[in-house]
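Below is model-v1.pdb, holding PDB, C-alpha atoms and all ligand atoms.
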ATOM      1  CA  MET U  28      -1.345  -9.548 -19.215
ATOM      2  CA  ASN U  29      -3.625  -8.183 -16.507
ATOM      3  CA  VAL U  30      -4.060 -10.339 -13.432
ATOM      4  CA  ILE U  31      -6.618  -8.060 -11.799
ATOM      5  CA  GLN U  32      -9.278  -5.987 -13.475
ATOM      6  CA  CYS U  33     -11.803  -3.855 -11.620
ATOM      7  CA  GLU U  34     -14.581  -1.923 -13.286
ATOM      8  CA  ASN U  35     -16.873   0.523 -11.503
ATOM      9  CA  LEU U  36     -16.443  -1.440  -8.335
ATOM     10  CA  ASN U  37     -18.649  -0.446  -5.414
ATOM     11  CA  LYS U  38     -18.855  -1.864  -1.938
ATOM     12  CA  LYS U  39     -21.485  -0.597   0.439
ATOM     13  CA  TYR U  40     -21.886  -1.573   4.063
ATOM     14  CA  SER U  41     -25.012  -0.628   5.971
ATOM     15  CA  SER U  42     -23.309   2.421   7.422
ATOM     16  CA  SER U  43     -20.738   3.342   4.779
ATOM     17  CA  HIS U  44     -19.936   3.371   1.085
ATOM     18  CA  ALA U  45     -16.429   1.873   1.340
ATOM     19  CA  LEU U  46     -15.518   1.691  -2.380
ATOM     20  CA  LYS U  47     -16.856   4.016  -5.049
ATOM     21  CA  ASN U  48     -16.675   3.282  -8.769
ATOM     22  CA  LEU U  49     -13.133   1.936  -8.669
ATOM     23  CA  SER U  50     -11.713   1.025 -12.058
ATOM     24  CA  PHE U  51      -8.142  -0.128 -12.580
ATOM     25  CA  THR U  52      -6.015  -3.018 -13.769
ATOM     26  CA  ILE U  53      -2.962  -4.660 -12.251
ATOM     27  CA  GLU U  54      -0.416  -6.234 -14.546
ATOM     28  CA  GLU U  55       1.137  -9.632 -14.081
ATOM     29  CA  ASN U  56       4.460  -9.894 -12.237
ATOM     30  CA  LYS U  57       4.562  -6.435 -10.741
ATOM     31  CA  ILE U  58       4.679  -5.274  -7.152
ATOM     32  CA  THR U  59       1.966  -2.702  -6.576
ATOM     33  CA  GLY U  60       1.631  -0.691  -3.396
ATOM     34  CA  LEU U  61      -1.921   0.024  -2.291
ATOM     35  CA  ILE U  62      -1.742   3.258  -0.388
ATOM     36  CA  GLY U  63      -4.447   5.169   1.453
ATOM     37  CA  ARG U  64      -5.310   6.657   4.812
ATOM     38  CA  ASN U  65      -7.061   4.784   7.599
ATOM     39  CA  GLY U  66     -10.510   3.826   6.394
ATOM     40  CA  ALA U  67      -9.737   4.586   2.725
ATOM     41  CA  GLY U  68     -10.960   1.140   1.690
ATOM     42  CA  LYS U  69      -7.721  -0.824   1.212
ATOM     43  CA  THR U  70      -8.744  -3.952   3.129
ATOM     44  CA  THR U  71     -12.203  -3.893   1.589
ATOM     45  CA  LEU U  72     -10.660  -3.800  -1.881
ATOM     46  CA  LEU U  73      -8.095  -6.525  -1.160
ATOM     47  CA  LYS U  74     -10.833  -8.805   0.220
ATOM     48  CA  LEU U  75     -12.913  -8.342  -2.923
ATOM     49  CA  ILE U  76      -9.884  -9.230  -5.044
ATOM     50  CA  ALA U  77      -9.190 -12.261  -2.876
ATOM     51  CA  GLY U  78     -12.791 -13.393  -3.325
ATOM     52  CA  PHE U  79     -13.585 -13.198   0.394
ATOM     53  CA  SER U  80     -16.546 -10.923  -0.252
ATOM     54  CA  GLN U  81     -18.692  -9.762  -3.142
ATOM     55  CA  PRO U  82     -19.017  -6.256  -4.564
ATOM     56  CA  SER U  83     -22.297  -4.365  -4.165
ATOM     57  CA  SER U  84     -21.999  -3.513  -7.862
ATOM     58  CA  GLY U  85     -19.380  -3.419 -10.587
ATOM     59  CA  LYS U  86     -16.934  -6.047 -11.636
ATOM     60  CA  VAL U  87     -13.794  -7.610 -10.217
ATOM     61  CA  VAL U  88     -11.934 -10.166 -12.326
ATOM     62  CA  VAL U  89      -8.837 -12.071 -11.177
ATOM     63  CA  PHE U  90      -7.027 -14.495 -13.508
ATOM     64  CA  SER U  91      -9.928 -13.872 -15.909
ATOM     65  CA  GLU U  92     -12.451 -15.195 -13.365
ATOM     66  CA  VAL U  93     -14.847 -13.752 -10.803
ATOM     67  CA  PRO U  94     -12.938 -14.456  -7.578
ATOM     68  CA  PHE U  95     -15.815 -15.017  -5.130
ATOM     69  CA  ASN U  96     -15.987 -18.728  -4.199
ATOM     70  CA  ASN U  97     -13.623 -19.510  -7.043
ATOM     71  CA  LEU U  98     -11.285 -22.493  -6.769
ATOM     72  CA  LYS U  99      -8.875 -21.341  -9.485
ATOM     73  CA  VAL U 100      -8.399 -17.990  -7.751
ATOM     74  CA  SER U 101      -7.999 -19.466  -4.271
ATOM     75  CA  GLN U 102      -5.475 -22.015  -5.547
ATOM     76  CA  ASN U 103      -3.344 -19.275  -7.063
ATOM     77  CA  MET U 104      -3.655 -16.620  -4.387
ATOM     78  CA  ILE U 105      -2.596 -16.079  -0.814
ATOM     79  CA  PHE U 106      -3.884 -13.324   1.470
ATOM     80  CA  ILE U 107      -1.648 -12.345   4.341
ATOM     81  CA  ASP U 108      -2.776 -10.084   7.172
ATOM     82  CA  ASP U 109      -2.578 -10.057  10.944
ATOM     83  CA  ASN U 110      -5.935 -11.854  11.286
ATOM     84  CA  MET U 111      -4.912 -14.977   9.380
ATOM     85  CA  THR U 112      -6.720 -17.997  10.664
ATOM     86  CA  LEU U 113      -4.283 -20.829  11.231
ATOM     87  CA  PRO U 114      -4.740 -24.068  13.165
ATOM     88  CA  GLN U 115      -4.464 -23.217  16.865
ATOM     89  CA  SER U 116      -3.418 -26.587  18.205
ATOM     90  CA  ILE U 117      -0.521 -27.504  15.925
ATOM     91  CA  SER U 118       3.011 -26.202  16.224
ATOM     92  CA  LEU U 119       4.482 -23.495  14.014
ATOM     93  CA  LEU U 120       6.710 -25.993  12.255
ATOM     94  CA  ASP U 121       3.780 -28.314  11.556
ATOM     95  CA  ILE U 122       1.884 -25.348  10.092
ATOM     96  CA  LEU U 123       4.755 -24.866   7.636
ATOM     97  CA  TYR U 124       4.662 -28.572   6.709
ATOM     98  CA  THR U 125       0.889 -28.372   6.229
ATOM     99  CA  ALA U 126       1.376 -25.341   3.967
ATOM    100  CA  ASN U 127       3.960 -27.385   2.062
ATOM    101  CA  ASP U 128       1.216 -29.857   1.124
ATOM    102  CA  PHE U 129      -1.232 -27.115   0.258
ATOM    103  CA  TYR U 130       0.667 -24.626  -1.912
ATOM    104  CA  GLU U 131       1.973 -25.894  -5.226
ATOM    105  CA  ASN U 132       5.031 -23.615  -5.367
ATOM    106  CA  TRP U 133       5.831 -23.780  -1.637
ATOM    107  CA  ASP U 134       9.564 -23.549  -0.905
ATOM    108  CA  MET U 135      10.128 -25.434   2.354
ATOM    109  CA  GLU U 136      13.810 -24.618   2.386
ATOM    110  CA  LEU U 137      13.122 -20.885   2.217
ATOM    111  CA  ALA U 138      10.439 -21.225   4.896
ATOM    112  CA  ARG U 139      12.862 -23.062   7.216
ATOM    113  CA  ARG U 140      15.681 -20.597   6.628
ATOM    114  CA  LEU U 141      13.443 -17.621   7.378
ATOM    115  CA  PHE U 142      11.945 -19.454  10.361
ATOM    116  CA  ASP U 143      15.417 -19.996  11.822
ATOM    117  CA  TYR U 144      16.642 -16.517  10.897
ATOM    118  CA  PHE U 145      13.775 -14.923  12.821
ATOM    119  CA  SER U 146      14.444 -17.304  15.751
ATOM    120  CA  PHE U 147      11.094 -19.043  15.928
ATOM    121  CA  ASN U 148      10.687 -21.994  18.239
ATOM    122  CA  PRO U 149       9.381 -24.922  16.167
ATOM    123  CA  ASN U 150       7.146 -26.094  19.018
ATOM    124  CA  ASP U 151       5.443 -22.752  19.673
ATOM    125  CA  LEU U 152       1.787 -22.209  18.856
ATOM    126  CA  GLN U 153       0.714 -19.318  16.661
ATOM    127  CA  LYS U 154      -1.759 -18.080  19.293
ATOM    128  CA  ASN U 155       1.097 -17.565  21.780
ATOM    129  CA  LEU U 156       3.223 -15.378  19.504
ATOM    130  CA  SER U 157       3.635 -11.661  20.138
ATOM    131  CA  LYS U 158       1.959  -9.302  17.659
ATOM    132  CA  GLY U 159       5.176  -8.650  15.713
ATOM    133  CA  MET U 160       6.200 -12.329  15.730
ATOM    134  CA  LYS U 161       2.756 -13.296  14.456
ATOM    135  CA  SER U 162       3.096 -10.881  11.543
ATOM    136  CA  THR U 163       6.577 -12.210  10.815
ATOM    137  CA  PHE U 164       5.325 -15.796  10.819
ATOM    138  CA  HIS U 165       2.482 -14.898   8.467
ATOM    139  CA  ALA U 166       4.965 -13.061   6.227
ATOM    140  CA  ILE U 167       7.101 -16.222   6.016
ATOM    141  CA  ILE U 168       4.046 -18.141   4.825
ATOM    142  CA  GLY U 169       3.294 -15.414   2.283
ATOM    143  CA  LEU U 170       6.816 -15.513   0.906
ATOM    144  CA  ALA U 171       7.365 -19.273   0.879
ATOM    145  CA  ALA U 172       3.980 -19.979  -0.736
ATOM    146  CA  ARG U 173       5.131 -18.145  -3.901
ATOM    147  CA  CYS U 174       1.553 -17.819  -5.095
ATOM    148  CA  PRO U 175       1.091 -16.202  -8.524
ATOM    149  CA  LEU U 176      -1.016 -13.579  -6.730
ATOM    150  CA  THR U 177       0.299 -12.657  -3.304
ATOM    151  CA  ILE U 178      -1.668 -10.134  -1.277
ATOM    152  CA  PHE U 179      -0.122  -8.580   1.817
ATOM    153  CA  ASP U 180      -2.532  -6.406   3.779
ATOM    154  CA  GLU U 181      -0.430  -4.315   6.173
ATOM    155  CA  PRO U 182       1.967  -7.232   6.638
ATOM    156  CA  THR U 183       4.340  -5.449   8.988
ATOM    157  CA  THR U 184       1.860  -4.616  11.770
ATOM    158  CA  GLY U 185       3.747  -4.845  15.041
ATOM    159  CA  MET U 186       7.114  -5.688  13.471
ATOM    160  CA  ASP U 187      10.020  -3.617  14.747
ATOM    161  CA  ALA U 188      11.989  -1.483  12.273
ATOM    162  CA  SER U 189      14.711  -4.041  11.778
ATOM    163  CA  VAL U 190      12.304  -6.921  11.083
ATOM    164  CA  ARG U 191      10.339  -4.707   8.689
ATOM    165  CA  LYS U 192      13.531  -3.966   6.760
ATOM    166  CA  ASP U 193      14.453  -7.659   6.668
ATOM    167  CA  PHE U 194      11.000  -8.605   5.478
ATOM    168  CA  TYR U 195      10.987  -6.076   2.633
ATOM    169  CA  ARG U 196      14.469  -7.163   1.598
ATOM    170  CA  ALA U 197      13.478 -10.822   1.643
ATOM    171  CA  LEU U 198      10.385  -9.990  -0.392
ATOM    172  CA  LEU U 199      12.422  -8.145  -3.005
ATOM    173  CA  LYS U 200      15.092 -10.856  -3.258
ATOM    174  CA  ASP U 201      12.554 -13.627  -3.608
ATOM    175  CA  TYR U 202      10.453 -11.629  -6.071
ATOM    176  CA  LEU U 203      13.482 -11.009  -8.301
ATOM    177  CA  GLU U 204      14.183 -14.747  -8.413
ATOM    178  CA  HIS U 205      10.523 -15.723  -8.679
ATOM    179  CA  PRO U 206       8.517 -12.860 -10.193
ATOM    180  CA  ARG U 207       4.830 -12.882  -9.322
ATOM    181  CA  THR U 208       2.021 -10.409  -8.878
ATOM    182  CA  ILE U 209       2.231  -8.834  -5.464
ATOM    183  CA  LEU U 210      -0.222  -6.387  -3.933
ATOM    184  CA  LEU U 211       0.995  -4.765  -0.785
ATOM    185  CA  SER U 212      -0.973  -2.354   1.351
ATOM    186  CA  SER U 213       0.989  -0.165   3.682
ATOM    187  CA  HIS U 214       0.960   3.087   5.598
ATOM    188  CA  HIS U 215       4.738   3.373   5.258
ATOM    189  CA  LEU U 216       5.368   4.264   1.621
ATOM    190  CA  ASN U 217       8.854   5.522   2.487
ATOM    191  CA  GLU U 218       9.793   1.969   3.506
ATOM    192  CA  ILE U 219       8.556   0.349   0.328
ATOM    193  CA  ASP U 220       9.171   2.911  -2.384
ATOM    194  CA  ASP U 221      12.354   1.106  -3.446
ATOM    195  CA  LEU U 222      10.459  -2.162  -3.601
ATOM    196  CA  ILE U 223       7.209  -1.419  -5.372
ATOM    197  CA  GLU U 224       6.916  -0.499  -9.034
ATOM    198  CA  ASP U 225       3.449   1.040  -9.101
ATOM    199  CA  VAL U 226       1.293   2.879  -6.618
ATOM    200  CA  LEU U 227      -2.481   2.707  -6.434
ATOM    201  CA  LEU U 228      -3.587   5.538  -4.185
ATOM    202  CA  ILE U 229      -7.131   5.486  -2.888
ATOM    203  CA  LYS U 230      -8.920   8.222  -1.026
ATOM    204  CA  ASN U 231     -12.353   7.815   0.592
ATOM    205  CA  GLY U 232     -12.949   4.662  -1.430
ATOM    206  CA  GLU U 233     -12.113   6.249  -4.787
ATOM    207  CA  LYS U 234      -9.104   5.748  -7.018
ATOM    208  CA  TYR U 235      -7.045   8.881  -6.720
ATOM    209  CA  LEU U 236      -3.915   8.014  -8.650
ATOM    210  CA  GLN U 237      -2.324   4.982 -10.258
ATOM    211  CA  ILE U 238       1.218   5.701 -11.376
ATOM    212  CA  SER U 239       4.710   4.288 -11.211
ATOM    213  CA  VAL U 240       6.819   5.137  -8.184
ATOM    214  CA  GLU U 241       9.254   6.919 -10.480
ATOM    215  CA  GLU U 242       6.449   9.163 -11.764
ATOM    216  CA  LEU U 243       5.209   9.726  -8.229
ATOM    217  CA  LYS U 244       8.659  10.911  -7.176
ATOM    218  CA  GLN U 245       8.490  13.566  -9.943
ATOM    219  CA  PHE U 246       4.802  14.332  -9.409
ATOM    220  CA  ALA U 247       5.232  17.333  -7.155
ATOM    221  CA  ILE U 248       7.760  19.967  -6.155
ATOM    222  CA  GLY U 249       8.040  22.178  -3.126
ATOM    223  CA  LEU U 250       8.526  25.938  -3.421
ATOM    224  CA  SER U 251       9.618  27.929  -0.415
ATOM    225  CA  GLY U 252      10.442  31.557   0.069
ATOM    226  CA  LYS U 253       8.703  34.857   0.747
ATOM    227  CA  LYS U 254       4.955  34.171   0.691
ATOM    228  CA  ILE U 255       4.196  36.957  -1.736
ATOM    229  CA  VAL U 256       6.723  35.595  -4.267
ATOM    230  CA  VAL U 257       5.720  31.955  -3.740
ATOM    231  CA  ASP U 258       2.061  32.917  -4.255
ATOM    232  CA  GLU U 259       2.948  34.589  -7.519
ATOM    233  CA  TRP U 260       4.845  31.536  -8.806
ATOM    234  CA  THR U 261       2.143  29.064  -7.768
ATOM    235  CA  LYS U 262      -0.830  31.076  -9.081
ATOM    236  CA  GLY U 263      -3.083  28.876 -11.226
ATOM    237  CA  LYS U 264      -1.179  25.722 -10.235
ATOM    238  CA  GLU U 265      -2.680  22.680  -8.567
ATOM    239  CA  ILE U 266      -1.769  23.277  -4.929
ATOM    240  CA  ILE U 267      -1.283  20.062  -3.000
ATOM    241  CA  TYR U 268      -0.062  21.427   0.322
ATOM    242  CA  LYS U 269       0.548  24.836   1.799
ATOM    243  CA  LYS U 270       2.006  26.041   5.063
ATOM    244  CA  MET U 271       3.219  29.333   6.468
ATOM    245  CA  VAL U 272       6.792  29.435   7.675
ATOM    246  CA  GLY U 273       7.308  32.192  10.202
ATOM    247  CA  THR U 274       5.309  35.342   9.534
ATOM    248  CA  ASP U 275       6.026  36.112   5.894
ATOM    249  CA  SER U 276       7.360  32.927   4.259
ATOM    250  CA  ALA U 277       5.576  29.942   2.841
ATOM    251  CA  TYR U 278       6.189  26.389   1.695
ATOM    252  CA  VAL U 279       3.877  25.277  -1.079
ATOM    253  CA  VAL U 280       3.765  21.896  -2.795
ATOM    254  CA  VAL U 281       2.321  21.903  -6.302
ATOM    255  CA  HIS U 282       1.858  19.431  -9.111
ATOM    256  CA  ASN U 283       5.058  19.741 -11.132
ATOM    257  CA  ASP U 284       4.059  20.890 -14.595
ATOM    258  CA  TYR U 285       6.570  23.739 -14.794
ATOM    259  CA  MET U 286       8.921  24.241 -17.726
ATOM    260  CA  LYS U 287      12.583  23.966 -16.760
ATOM    261  CA  GLU U 288      13.162  27.612 -17.695
ATOM    262  CA  ASP U 289      10.328  28.759 -15.403
ATOM    263  CA  LEU U 290      11.848  26.927 -12.461
ATOM    264  CA  GLU U 291      15.168  28.627 -13.203
ATOM    265  CA  LYS U 292      13.444  32.021 -13.231
ATOM    266  CA  ALA U 293      11.676  31.211  -9.935
ATOM    267  CA  ARG U 294      15.049  30.351  -8.403
ATOM    268  CA  LEU U 295      16.462  33.648  -9.573
ATOM    269  CA  ASN U 296      13.495  35.320  -7.836
ATOM    270  CA  GLY U 297      14.627  33.830  -4.536
ATOM    271  CA  ILE U 298      12.469  30.726  -4.455
ATOM    272  CA  ASP U 299      13.983  27.564  -3.092
ATOM    273  CA  ILE U 300      12.841  24.539  -5.094
ATOM    274  CA  SER U 301      12.933  21.061  -3.623
ATOM    275  CA  SER U 302      11.770  17.580  -4.496
ATOM    276  CA  VAL U 303       8.995  16.029  -2.429
ATOM    277  CA  ALA U 304       9.283  12.454  -1.150
ATOM    278  CA  ALA U 305       6.743  10.029  -2.618
ATOM    279  CA  GLU U 306       5.307   9.352   0.845
ATOM    280  CA  ASP U 307       4.784  13.068   1.496
ATOM    281  CA  VAL U 308       3.050  13.475  -1.872
ATOM    282  CA  CYS U 309       0.612  10.716  -0.903
ATOM    283  CA  VAL U 310       0.028  12.209   2.538
ATOM    284  CA  TYR U 311      -0.621  15.681   1.097
ATOM    285  CA  LEU U 312      -2.873  14.344  -1.672
ATOM    286  CA  THR U 313      -5.002  12.467   0.825
ATOM    287  CA  ASN U 314      -5.128  15.195   3.476
ATOM    288  CA  LYS U 315      -8.609  16.553   4.065
ATOM    289  CA  THR U 316      -7.283  20.136   3.948
ATOM    290  CA  LYS U 317      -4.333  21.739   2.156
ATOM    291  CA  GLY U 318      -2.585  22.627   5.404
ATOM    292  CA  GLY U 319      -3.036  19.270   7.149
ATOM    293  CA  ILE U 320      -3.075  19.277  10.958
ATOM    294  CA  ASP U 321      -1.854  22.899  11.041
ATOM    295  CA  ASP U 322      -5.305  23.997   9.850
ATOM    296  CA  VAL U 323      -6.872  22.698  13.080
ATOM    297  CA  PHE U 324      -4.746  25.146  15.039
ATOM    298  CA  ASP U 325      -4.677  28.008  12.547
ATOM    299  CA  LYS U 326      -8.468  28.363  12.395
ATOM    300  CA  ARG U 327      -9.002  28.827  16.127
TER     301      ARG U 327
HETATM  302  N1  LIG W 401     -17.658  -5.151   7.891
HETATM  303  C1  LIG W 401     -17.853  -3.826   7.819
HETATM  304  N2  LIG W 401     -19.045  -3.283   8.160
HETATM  305  C2  LIG W 401     -19.263  -1.949   8.078
HETATM  306  N3  LIG W 401     -18.338  -1.055   7.653
HETATM  307  C3  LIG W 401     -17.146  -1.547   7.296
HETATM  308  C4  LIG W 401     -16.833  -2.943   7.373
HETATM  309  N4  LIG W 401     -15.553  -3.121   6.942
HETATM  310  C5  LIG W 401     -15.087  -1.896   6.638
HETATM  311  N5  LIG W 401     -16.036  -0.958   6.847
HETATM  312  C6  LIG W 401     -15.909   0.487   6.595
HETATM  313  O1  LIG W 401     -15.432   0.655   5.260
HETATM  314  C7  LIG W 401     -14.483   1.709   5.202
HETATM  315  C8  LIG W 401     -13.171   1.178   4.632
HETATM  316  O2  LIG W 401     -12.594   0.285   5.570
HETATM  317  P1  LIG W 401     -11.263  -0.530   5.258
HETATM  318  O3  LIG W 401     -11.022  -1.433   6.417
HETATM  319  O4  LIG W 401     -11.362  -1.140   3.925
HETATM  320  O5  LIG W 401     -10.179   0.646   5.230
HETATM  321  P2  LIG W 401      -8.577   0.563   5.224
HETATM  322  O6  LIG W 401      -8.114   1.496   4.159
HETATM  323  O7  LIG W 401      -8.134  -0.847   5.130
HETATM  324  O8  LIG W 401      -8.246   1.187   6.656
HETATM  325  P3  LIG W 401      -6.979   0.954   7.650
HETATM  326  O9  LIG W 401      -5.786   1.563   6.978
HETATM  327  O10 LIG W 401      -7.390   1.728   8.860
HETATM  328  O11 LIG W 401      -6.861  -0.514   7.897
HETATM  329  C9  LIG W 401     -14.370   2.264   6.607
HETATM  330  O12 LIG W 401     -15.222   3.374   6.711
HETATM  331  C10 LIG W 401     -14.864   1.141   7.481
HETATM  332  O13 LIG W 401     -15.428   1.623   8.667
END
Just give me the structure of the file as structure tokens.
Amino acid sequence: MNVIQCENLNKKYSSSHALKNLSFTIEENKITGLIGRNGAGKTTLLKLIAGFSQPSSGKVVVFSEVPFNNLKVSQNMIFIDDNMTLPQSISLLDILYTANDFYENWDMELARRLFDYFSFNPNDLQKNLSKGMKSTFHAIIGLAARCPLTIFDEPTTGMDASVRKDFYRALLKDYLEHPRTILLSSHHLNEIDDLIEDVLLIKNGEKYLQISVEELKQFAIGLSGKKIVVDEWTKGKEIIYKKMVGTDSAYVVVHNDYMKEDLEKARLNGIDISSVAAEDVCVYLTNKTKGGIDDVFDKR
């Protein structure tokens, strides 16, 4: 069953066209990573799904309903980001007890355990937390609420590496015990590629790719060697990234649609063939130019 369905979704602001004709579906009980560069439209899309804003045109359907101002959607969904508005004058612990009354599936024991594990002071106020602690507290709410649709928009902002790891591990463990539909936007695909099942990659407000992480890991290969030989073996291929190495060698990333035998032949011709990490594939695919930042310097 699809929990989210978007059809030709557009969102225009006065100065920008943030989402352009986005169409996709998200299945129930999957963790999907929403990946895209700064300004790609991730937050805009997540807010439309959450029902916080309305599309300029096109359709967004969540739990078979239009999410804007919709009680069924808001009862079954939680949206976690670093701007969450929480009561400013009640203590952190009281916020958790308030959430306990609000969310049907709330697990107070899990919330307390995580709260203690991350060394929160029950009497602190949310407004006095550091940036990373605030994100961690919001993440606890997102996990313990166990909403059928859980949206995390850049949930790890400000968290240090160790807390980020703990959070992702907690998310995975809890998801395995209590499967639900989770949408997670992140700039760090390398940190979540063991966690998410599918990737929705958006570029300049458009859907670029929606595939499983496993497929993404096979999507591209890197060929390196003498430029003249690499050029020959990548002729007519979809080039995703290209850089010169030294004066006469090159590293080229291409969409992997080679036959096994051809790759063997390329190896015999002195080409080194390597896999490309899922995160790098996304970075290359969403680069403005094939050479990335190197092009700024090479064209002087
Ligand atoms: N309220 C707004 N008014 C005008 N433009 C907006 C507004 N919100 C977002 N935008 C524009 O829409 C585009 C997409 O922004 P959005 O915040 O959705 O991107 P993002 O992928 O979440 O970026 P980041 O990774 O930097 O958080 C950007 O060009 C942004 O400037």
*Within 12 Å of (-6.4, -16.8, -1.9) (coordinates as in the file), grab all the protein and nucleic acid residues, counting all atoms listed in the file, and write them out as a PyMOL selection string.*
chain U and resi 73-80+89-90+94-108+111+129-130+169+172-179
Please, could you write that set of residues out with C-alpha atoms as a short mmCIF file (atom, residue, chain, number, x, y, z; two decimals), keeping the file's coordinate frame?
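Generated file (again.cif):
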data_model
loop_
_atom_site.label_atom_id
_atom_site.label_comp_id
_atom_site.auth_asym_id
_atom_site.auth_seq_id
_atom_site.Cartn_x
_atom_site.Cartn_y
_atom_site.Cartn_z
CA LEU U 73 -8.10 -6.52 -1.16
CA LYS U 74 -10.83 -8.80 0.22
CA LEU U 75 -12.91 -8.34 -2.92
CA ILE U 76 -9.88 -9.23 -5.04
CA ALA U 77 -9.19 -12.26 -2.88
CA GLY U 78 -12.79 -13.39 -3.32
CA PHE U 79 -13.58 -13.20 0.39
CA SER U 80 -16.55 -10.92 -0.25
CA VAL U 89 -8.84 -12.07 -11.18
CA PHE U 90 -7.03 -14.50 -13.51
CA PRO U 94 -12.94 -14.46 -7.58
CA PHE U 95 -15.82 -15.02 -5.13
CA ASN U 96 -15.99 -18.73 -4.20
CA ASN U 97 -13.62 -19.51 -7.04
CA LEU U 98 -11.28 -22.49 -6.77
CA LYS U 99 -8.88 -21.34 -9.48
CA VAL U 100 -8.40 -17.99 -7.75
CA SER U 101 -8.00 -19.47 -4.27
CA GLN U 102 -5.48 -22.02 -5.55
CA ASN U 103 -3.34 -19.27 -7.06
CA MET U 104 -3.66 -16.62 -4.39
CA ILE U 105 -2.60 -16.08 -0.81
CA PHE U 106 -3.88 -13.32 1.47
CA ILE U 107 -1.65 -12.34 4.34
CA ASP U 108 -2.78 -10.08 7.17
CA MET U 111 -4.91 -14.98 9.38
CA PHE U 129 -1.23 -27.12 0.26
CA TYR U 130 0.67 -24.63 -1.91
CA GLY U 169 3.29 -15.41 2.28
CA ALA U 172 3.98 -19.98 -0.74
CA ARG U 173 5.13 -18.14 -3.90
CA CYS U 174 1.55 -17.82 -5.10
CA PRO U 175 1.09 -16.20 -8.52
CA LEU U 176 -1.02 -13.58 -6.73
CA THR U 177 0.30 -12.66 -3.30
CA ILE U 178 -1.67 -10.13 -1.28
CA PHE U 179 -0.12 -8.58 1.82
#
_Matched chain/residue IDs from the PyMOL selection byres (((chain U and resi 234-239) around 12) and not hetatm), as an MDAnalysis selection string_ = chainID U and resid 33:37 45:53 57:64 67:69 72 220:233 240:246 305 308:309 312:313
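Every protein, DNA or RNA residue with an atom at most 9 Å from stretch 137-145 of chain U, where only C-alpha atoms count and chain neighbours fewer than 2 positions away do not, is listed here: Leu120, Leu123, Trp133, Asp134, Met135, Phe147, Asn148, Pro149, Met160, Thr163, Phe164, Ile167, Ile168, Leu170, Ala171, Ala172, Val190 and Ala197 of chain U.
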Write out as a compact mmCIF listing (two decimals) with C-alpha atoms, keeping the file's coordinate frame which residues come within 10 Å of stretch 294-299 of chain U when counting all atoms listed in the file, dropping same-chain ones fewer than 5 positions away.
# COMPACT_ATOMS: atom_id res chain seq x y z
CA GLY U 249 8.04 22.18 -3.13
CA LEU U 250 8.53 25.94 -3.42
CA SER U 251 9.62 27.93 -0.42
CA GLY U 252 10.44 31.56 0.07
CA LYS U 253 8.70 34.86 0.75
CA LYS U 254 4.96 34.17 0.69
CA VAL U 256 6.72 35.60 -4.27
CA VAL U 257 5.72 31.96 -3.74
CA TRP U 260 4.84 31.54 -8.81
CA TYR U 278 6.19 26.39 1.70
CA GLU U 288 13.16 27.61 -17.70
CA ASP U 289 10.33 28.76 -15.40
Emit as AutoDock Vina command-line options the padded axis-aligned box for all listed atoms of ligand LIG 401 (chain W), 3 Å per side, with centre and edge lengths in Å to one decimal.
--center_x -12.5 --center_y -0.9 --center_z 6.4 --size_x 19.5 --size_y 14.5 --size_z 10.9
*When you draw a straight line from atom CA of U:Glu306 to atom CA of U:Asn217, how long is it in Å?*
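Spanning atom CA of U:Glu306 to atom CA of U:Asn217 is a straight-line distance of 5.5 Å.
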When you get a chance, write out N, CA and C atoms for stretch 160-169 of chain U, as a JSON list (two decimals), keeping the file's coordinate frame.
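Full text of result_7.json as output:
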[["chain", "number", "residue", "atom", "x", "y", "z"],
["U", 160, "MET", "N", 5.78, -10.98, 16.13],
["U", 160, "MET", "CA", 6.20, -12.33, 15.73],
["U", 160, "MET", "C", 5.12, -13.00, 14.87],
["U", 161, "LYS", "N", 3.86, -12.72, 15.23],
["U", 161, "LYS", "CA", 2.76, -13.30, 14.46],
["U", 161, "LYS", "C", 2.82, -12.77, 13.02],
["U", 162, "SER", "N", 3.01, -11.46, 12.89],
["U", 162, "SER", "CA", 3.10, -10.88, 11.54],
["U", 162, "SER", "C", 4.28, -11.47, 10.78],
["U", 163, "THR", "N", 5.39, -11.67, 11.48],
["U", 163, "THR", "CA", 6.58, -12.21, 10.82],
["U", 163, "THR", "C", 6.31, -13.64, 10.35],
["U", 164, "PHE", "N", 5.64, -14.41, 11.20],
["U", 164, "PHE", "CA", 5.32, -15.80, 10.82],
["U", 164, "PHE", "C", 4.39, -15.82, 9.60],
["U", 165, "HIS", "N", 3.40, -14.97, 9.62],
["U", 165, "HIS", "CA", 2.48, -14.90, 8.47],
["U", 165, "HIS", "C", 3.25, -14.48, 7.21],
["U", 166, "ALA", "N", 4.18, -13.53, 7.38],
["U", 166, "ALA", "CA", 4.96, -13.06, 6.23],
["U", 166, "ALA", "C", 5.80, -14.21, 5.64],
["U", 167, "ILE", "N", 6.33, -15.07, 6.50],
["U", 167, "ILE", "CA", 7.10, -16.22, 6.02],
["U", 167, "ILE", "C", 6.21, -17.11, 5.14],
["U", 168, "ILE", "N", 4.98, -17.32, 5.62],
["U", 168, "ILE", "CA", 4.05, -18.14, 4.82],
["U", 168, "ILE", "C", 3.78, -17.46, 3.48],
["U", 169, "GLY", "N", 3.57, -16.16, 3.52],
["U", 169, "GLY", "CA", 3.29, -15.41, 2.28],
["U", 169, "GLY", "C", 4.43, -15.49, 1.29]]
